[in-house]
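Structure first, then comments.
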Amino acid sequence: MAPKGKTLFEKVWEQHIVVPETKETPALIYIDLHLIHEVTTPQAFTLLRENNLKIRAPKKILATMDHSTPTVPIKSLKDLDIVAEKGPAQQIRDMIQNCKDFGIELYDFDSDRRGIVHVIGPELGATQPGRTMVCGDSHTSTHGAFGALAFGIGTTEVAHVLATQCLLQRKPKTLAVNLNGHLNKGVSAKDIILKVIGEIGVDGGTGHVIEYRGDTVSSLSLEQRMTICNMSIEAGAKAGMFAPDDATFEYLKDRPFSPKGKDWEKSIAQWSELKSDDNAVFDKELNIDVNLLEPMITFGTNPGMVMPINGKVPDHEGNVSFKQALNYMQVESGKPLLDHPIDVVFIGSCTNSRLSDLQDAATILKGRKVSESTRTLIVPGSQNVKKEAELLGLDKIFRNSGAEWRESGCSMCLGMNGDTVGKGQLAVSTSNRNFEGRQGVGSRTILASPKTAAASAITGTVQDPRKYEVR
Amino acid sequence: MRLDKLEKIKKFKAKTVNLPNEDIDTDQIIPARFLTLPSKEGIGECLFADWRIDNSGNINHDFILNKDESKGCEILVAGNNFGCGSSREHAPWALVDYGFKAIISTSFADIFKNNSLKNGLLPIVLSRNIHNWLLDNPGVNITIDLENTRVEFNNGDEHEFEIEPFSKYCLINGLDQLSFILNHEDDIRKYEGTL
């Protein structure tokens with residue numbers, strides 16, 4: 001029998017084994033790039049200080065601030081206390097001090113490179129095929145769009161990587177998600193991943209690394225692939241990956257940290273090997289017919305509670321958790337959410353705050369007004385995305401429509417930086433989690449694509465973007 | 001935390017309290033607005049904050065952890081896929097600071113499970129049958145024997161559970177995983193030499 005081929009994941013994994021796995025001990029895996037931010041690092045730095053440990057490789061760290069940072073403009077750090085609460089403001093100052101004390105370069109408030117850590121990694125070219133990347137943030141899975149093995153870790157493991165550049169890991173299993181067909185008009189990458197999570201459930205990927213494959217892949221931009229990989233964690237997966245291809249190389253060419261000259265040619269040759277062998281075997285497989293896909297929205301309190309935009313809220317009689325979710329959301333089984341009034345629209349987060357996401361929203365909002373009853377907040381993923389959007393005049397389209405246009409940051413995705421959805425309010429949000437209270441105490445969230453969110457902002461009700469996209 | 005001063009966990013008997021909801025995410029365990037707390041001490045006060053306190057700021061007396069019968073319970077029996085969502089280690093920190101030593105469920109989210117094992121909080125997976133029995137019989141005293149990886153019931157029944165062997169070794173001996181990695185300095189340097 002012919003030997004079994006290797007998956008993309010297995011190839012990247014094997015290249016990073018420092019000490020192999022045994023029955024008694026996990027593998028020791030080398031980490032090429034460590035992303036850090038202000039929320040999940042303070043206790044790690046404390047641990048280093050208390051045990052007199054140093055940072056092993058400060059140059060393999062990319063540091064910024066995104067979660068606690070206010071998105072209202074401030075000229076300098078001195079103004080922070082005016083716009084931020086005490087806790088977040090102190091956390092931001094601690095991050096600056098920690099990076100200074102430990103010799104880590106930080107993309108600070110005044111840096112053009114500041115932004116959501118999962119947006120700036122790729123746009124700076126620090127995210128590269130075949131790399132292992134970790135961050136104290138579950139949406140680190142985003143970087144798998146480039147063929148990197150990237151996953152979220154806790155703060156204790158952040159300390160492990162700071163001190164040793166290594167992590168103890170058991171080898172995960174593999175899940176192939178085969179995407180076939182083309183996206184129809186009005187349908188987005190966000191709808192693909194919401195569909196995937198709906199199919200396998202919020203724990204369907206537990207213990208697995210997903211590889212997205214199939215004939216749809218070559219037509220997806222890197223930004224679309226990032227949206228898909230980003231929410232792999234919402235299916236419980238360890239990571240999501242796409243094999244790098246010409247589109248990946250095109251995206252990375254001439255970025256600040258991308259290899260240059262001869263190194264570029266050498267890298268392309270190496271990166272081109274990073275794909276699953278034809279005879280590779282996955283532990284599980286899932287097929288999605290992208291041709292049949294419609295815009296998707298969530299109706300419950302986790303991302304697996306999802307339905308097509310024209311669908312009716314399903315019924316799971318007898319499931320207490322399901323019933324509680326519908327009660328919290330104040331929605332009823334058997335009824336549609338289309339035309340349901342909403343209070344807030346949020347376009348942003350590490351899932352959908354890149355230039356193409358903003359362009360999607362602008363296409364729909366151009367020349368239109370958002371509903372007076374709907375607060376619409378549009379937050380670019382990075383200062384660079386903001387600059388590029390403004391060069392294209394997107395900020396004017398948004399402002400003219402009545403939407404707010406902000407500085408970059410995590411913003412309303414997680415309600416810890418001043419941007420929140422009010423008690424009982426219902427938001428259509430392009431973020432990644434519709435958990436109870438995720439966007440603020442008592443907030444209710446419908447997850448959707450930037451197109452669906454923009455269309456919904458116009459009427460102040462849940463809307464199908466296909467009605468608005470072509471005029 | 002000093003790495004050379006970890007508690008050894010071998011065997012303990014404790015009372016259970018049930019939270020049967022499925023897919024309890026880390027935003028419920030501890031909402032994001034508490035992630036700016038600078039230390040782990042006292043963080044247990046924020047555990048399940050939005051379930052313990054209602055929208056008007058009053059104590060929700062219907063919530064199980066606010067009931068007298070839950071006082072002193074150190075084992076939480078929770079629904080499937082406990083700890084999904086965010087990677088925040090504040091979730092196990094809050095559970096430990098509140099007083100929990102173990103969570104029993106039918107499955108755990110990966111990052112939460114990893115984080116728990118590094119904080120002396122045992123994520124124990126039991127079969128659906130036994131889990132259901134625990135849900136039907138709240139507030140029972142059970143013994144968790146980590147050395148022999150089994151749960152012992154008062155009627156003499158014993159049920160084995162699985163736990164990652166290296167984490168178990170570290171927990172029962174009070175060893176820290178970072179010290180283990182630091183001991184591989186030569187291997188790490190050798191690997192870096194190939195880059």
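Identifiers in this document derive from the order of the structure tokens: chains are assigned A, B, ..., residues are numbered from 1 separately in each chain, and ligands are numbered from 1 in order of occurrence.
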Exercise for review: Please return as a list in words: the residues of stretch 328-408 of chain A that backbone DSSP assigns to strand (DSSP E).
Suggested key: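 For stretch 328-408 of chain A, the strand (DSSP E) set is Val344, Val345, Phe346, Ile347, Arg375, Thr376, Leu377, Ile378, Glu404 and Trp405 of chain A.
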Serialized selection, C-alpha atoms, as a PDB file, in the first residue's frame:
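Once written, out_26.pdb looks like this:
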ATOM      1  CA  VAL A 344     -27.576  49.299  16.304  1.00  0.00           C
ATOM      2  CA  VAL A 345     -25.411  48.324  13.334  1.00  0.00           C
ATOM      3  CA  PHE A 346     -21.717  47.604  13.940  1.00  0.00           C
ATOM      4  CA  ILE A 347     -19.335  47.122  11.024  1.00  0.00           C
ATOM      5  CA  ARG A 375     -26.974  53.936  15.498  1.00  0.00           C
ATOM      6  CA  THR A 376     -24.442  52.834  12.872  1.00  0.00           C
ATOM      7  CA  LEU A 377     -20.811  52.527  13.913  1.00  0.00           C
ATOM      8  CA  ILE A 378     -18.115  51.745  11.334  1.00  0.00           C
ATOM      9  CA  GLU A 404     -20.071  57.158  12.650  1.00  0.00           C
ATOM     10  CA  TRP A 405     -16.493  56.655  11.376  1.00  0.00           C
TER      11      TRP A 405
END
Please provide as an mmCIF file with N, CA and C atoms, in the first residue's frame all residues within 9 Å of B:Leu122, with the sequence filter that same-chain residues fewer than 5 positions apart are discarded (counting only C-alpha atoms).
data_model
loop_
_atom_site.group_PDB
_atom_site.id
_atom_site.type_symbol
_atom_site.label_atom_id
_atom_site.label_comp_id
_atom_site.auth_asym_id
_atom_site.auth_seq_id
_atom_site.Cartn_x
_atom_site.Cartn_y
_atom_site.Cartn_z
ATOM 1 N N LYS B 101 -12.823 23.508 42.250
ATOM 2 C CA LYS B 101 -11.622 22.691 42.035
ATOM 3 C C LYS B 101 -11.735 21.837 40.782
ATOM 4 N N ALA B 102 -12.965 21.591 40.345
ATOM 5 C CA ALA B 102 -13.167 20.743 39.163
ATOM 6 C C ALA B 102 -14.459 21.135 38.462
ATOM 7 N N ILE B 103 -14.475 20.938 37.139
ATOM 8 C CA ILE B 103 -15.696 21.095 36.350
ATOM 9 C C ILE B 103 -15.952 19.739 35.700
ATOM 10 N N ILE B 104 -17.189 19.266 35.797
ATOM 11 C CA ILE B 104 -17.541 18.013 35.124
ATOM 12 C C ILE B 104 -18.498 18.340 33.988
ATOM 13 N N LYS B 113 -9.856 24.197 28.325
ATOM 14 C CA LYS B 113 -9.315 22.988 28.956
ATOM 15 C C LYS B 113 -7.823 23.166 29.261
ATOM 16 N N SER B 116 -7.316 25.652 32.095
ATOM 17 C CA SER B 116 -7.721 25.105 33.394
ATOM 18 C C SER B 116 -6.617 24.223 33.974
ATOM 19 N N LEU B 117 -6.064 23.381 33.107
ATOM 20 C CA LEU B 117 -5.039 22.439 33.573
ATOM 21 C C LEU B 117 -3.791 23.159 34.082
ATOM 22 N N LEU B 146 -7.338 12.050 41.377
ATOM 23 C CA LEU B 146 -6.571 12.385 40.173
ATOM 24 C C LEU B 146 -5.474 11.357 39.909
ATOM 25 N N ILE B 163 -7.367 12.179 31.237
ATOM 26 C CA ILE B 163 -6.763 13.494 31.388
ATOM 27 C C ILE B 163 -5.389 13.429 30.730
#
Point to revise | Among the residues A:Gly186, A:Gly136, A:Gly318, A:Pro58, the one that comes closest to A:Ala455 [using only C-alpha atoms] | key: A:Gly186
Quick check: residues of chain A within 6 Å of chain B, only C-alpha atoms, returned as a PDB file with C-alpha atoms, in the first residue's frame.
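Output contents, as saved in iface_4.pdb:
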ATOM      1  CA  GLU A  24       3.961  10.873  28.548  1.00  0.00           C
ATOM      2  CA  THR A  25       4.771  14.320  27.174  1.00  0.00           C
ATOM      3  CA  GLY A  87      -9.346  50.146  34.048  1.00  0.00           C
ATOM      4  CA  PRO A  88      -8.739  50.213  30.278  1.00  0.00           C
ATOM      5  CA  ASP A 137      -6.652  35.735  21.621  1.00  0.00           C
ATOM      6  CA  SER A 138      -8.868  33.032  20.178  1.00  0.00           C
ATOM      7  CA  GLY A 154      -4.091  31.554  27.424  1.00  0.00           C
ATOM      8  CA  THR A 155      -1.960  33.940  29.461  1.00  0.00           C
ATOM      9  CA  HIS A 160       5.766  30.206  28.118  1.00  0.00           C
ATOM     10  CA  SER A 321     -30.479  25.840  26.414  1.00  0.00           C
ATOM     11  CA  MET A 416     -14.707  46.715  26.999  1.00  0.00           C
TER      12      MET A 416
END
Practice item. Per DSSP on the backbone, filter stretch 123-238 of chain A down to the residues in helix (DSSP H, G or I) and report them as a PyMOL selection string. Key: chain A and resi 123+138-146+155-164+189-200+217-219+222-235
Exercise for review: Determine, counting only C-alpha atoms, which protein, DNA and RNA residues have an atom within 10 Å of an atom of A:Val209; residues of the same chain fewer than 3 positions away are not included. Present the result as a list in words.
Suggested key: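 After dropping sequence-adjacent residues, the list is Phe9, Glu10, Ser141, Gly144, Leu149, Ala150, Phe151, Lys171, Pro172, Lys173, Thr174, Leu175, Ala176, Gly205, Thr206, Tyr212, Ser232, Ile233, Gly236, Ala237, Lys238, Ala239, Gly240, Met241, Phe282 and Asp283 of chain A.
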Point to revise | Contact residues around A:Asn302 with only C-alpha atoms at 8 Å, ignoring same-chain residues under 3 positions, as a list of chain:residue names | key: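 With the cut-off at 8 Å, the set is A:Val202, A:Thr298, A:Met305, A:Arg433, A:Asn434, A:Phe435.
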Find the residues around B:Val140 up to 9 Å (only C-alpha atoms counted), leave out those fewer than 6 positions away in its own chain, and share them as a short mmCIF file (atom, residue, chain, number, x, y, z; two decimals) with N, CA and C atoms, in the first residue's frame.
data_model
loop_
_atom_site.label_atom_id
_atom_site.label_comp_id
_atom_site.auth_asym_id
_atom_site.auth_seq_id
_atom_site.Cartn_x
_atom_site.Cartn_y
_atom_site.Cartn_z
N ALA B 14 -15.71 16.53 47.44
CA ALA B 14 -16.40 17.82 47.44
C ALA B 14 -17.83 17.65 46.95
N LYS B 15 -18.63 18.68 47.18
CA LYS B 15 -20.05 18.67 46.82
C LYS B 15 -20.22 19.29 45.44
N THR B 16 -21.20 18.76 44.69
CA THR B 16 -21.44 19.27 43.33
C THR B 16 -22.54 20.33 43.32
N VAL B 17 -22.46 21.21 42.32
CA VAL B 17 -23.54 22.14 42.03
C VAL B 17 -23.73 22.12 40.51
N LEU B 134 -25.68 12.88 37.47
CA LEU B 134 -25.26 14.00 38.33
C LEU B 134 -26.24 15.17 38.20
N PHE B 153 -18.27 7.61 43.71
CA PHE B 153 -19.55 8.01 44.26
C PHE B 153 -19.75 7.36 45.63
N ASN B 154 -20.65 7.95 46.43
CA ASN B 154 -20.87 7.44 47.79
C ASN B 154 -21.39 6.01 47.83
#
Point to revise | Interatomic distance (Å, one decimal) between atom CA of B:Leu19 and atom CA of A:Phe299 | key: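 Rounded to one decimal, the two atoms are 23.0 Å apart.
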**Study point:** Straight-line distance linking atom CA of A:Glu157 with atom CA of A:Ser353, stated in Å to one decimal
**Key:**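 About the pair atom CA of A:Glu157 and atom CA of A:Ser353: they are 27.8 Å apart.
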Review point. Using only C-alpha atoms, which of B:Leu171, B:Ile9, B:Val77, B:Ile59 sits nearest B:His131?
Key: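 Of B:Leu171, B:Ile9, B:Val77, B:Ile59, the one nearest B:His131 is B:Val77, counting only C-alpha atoms.
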Review point. For A:Phe242, which of A:Pro380, A:Gly181, A:Gly130, A:Gly348 is the closest residue, counting only C-alpha atoms?
Key: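 Using only C-alpha atoms, A:Phe242 sits closest to A:Gly130.
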Exercise for review: Name the residues in contact with A:Arg399 at a cut-off of 12 Å, using only C-alpha atoms, excluding same-chain residues fewer than 2 positions from it; report them as a VMD selection string.
Suggested key: chain A and resid 362 365 to 370 376 to 378 390 393 to 397 401 to 406
Written file, previous selection with C-alpha atoms, as a short mmCIF file (atom, residue, chain, number, x, y, z; two decimals), in the first residue's frame:
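Generated output (part-v9.cif):
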data_model
loop_
_atom_site.label_atom_id
_atom_site.label_comp_id
_atom_site.auth_asym_id
_atom_site.auth_seq_id
_atom_site.Cartn_x
_atom_site.Cartn_y
_atom_site.Cartn_z
CA ALA A 362 -19.93 51.45 1.11
CA LEU A 365 -24.59 52.84 1.73
CA LYS A 366 -23.47 55.12 -1.13
CA GLY A 367 -26.05 57.84 -1.69
CA ARG A 368 -28.35 56.43 0.99
CA LYS A 369 -29.11 57.40 4.57
CA VAL A 370 -29.05 55.08 7.54
CA THR A 376 -24.44 52.83 12.87
CA LEU A 377 -20.81 52.53 13.91
CA ILE A 378 -18.12 51.75 11.33
CA GLU A 390 -10.19 57.60 3.36
CA GLY A 393 -13.47 58.44 0.02
CA LEU A 394 -15.31 55.69 1.92
CA ASP A 395 -15.32 57.82 5.08
CA LYS A 396 -17.35 60.45 3.23
CA ILE A 397 -19.86 57.86 2.01
CA SER A 401 -25.13 58.28 5.23
CA GLY A 402 -25.25 59.25 8.91
CA ALA A 403 -22.89 56.53 10.16
CA GLU A 404 -20.07 57.16 12.65
CA TRP A 405 -16.49 56.65 11.38
CA ARG A 406 -13.90 55.90 14.03
#
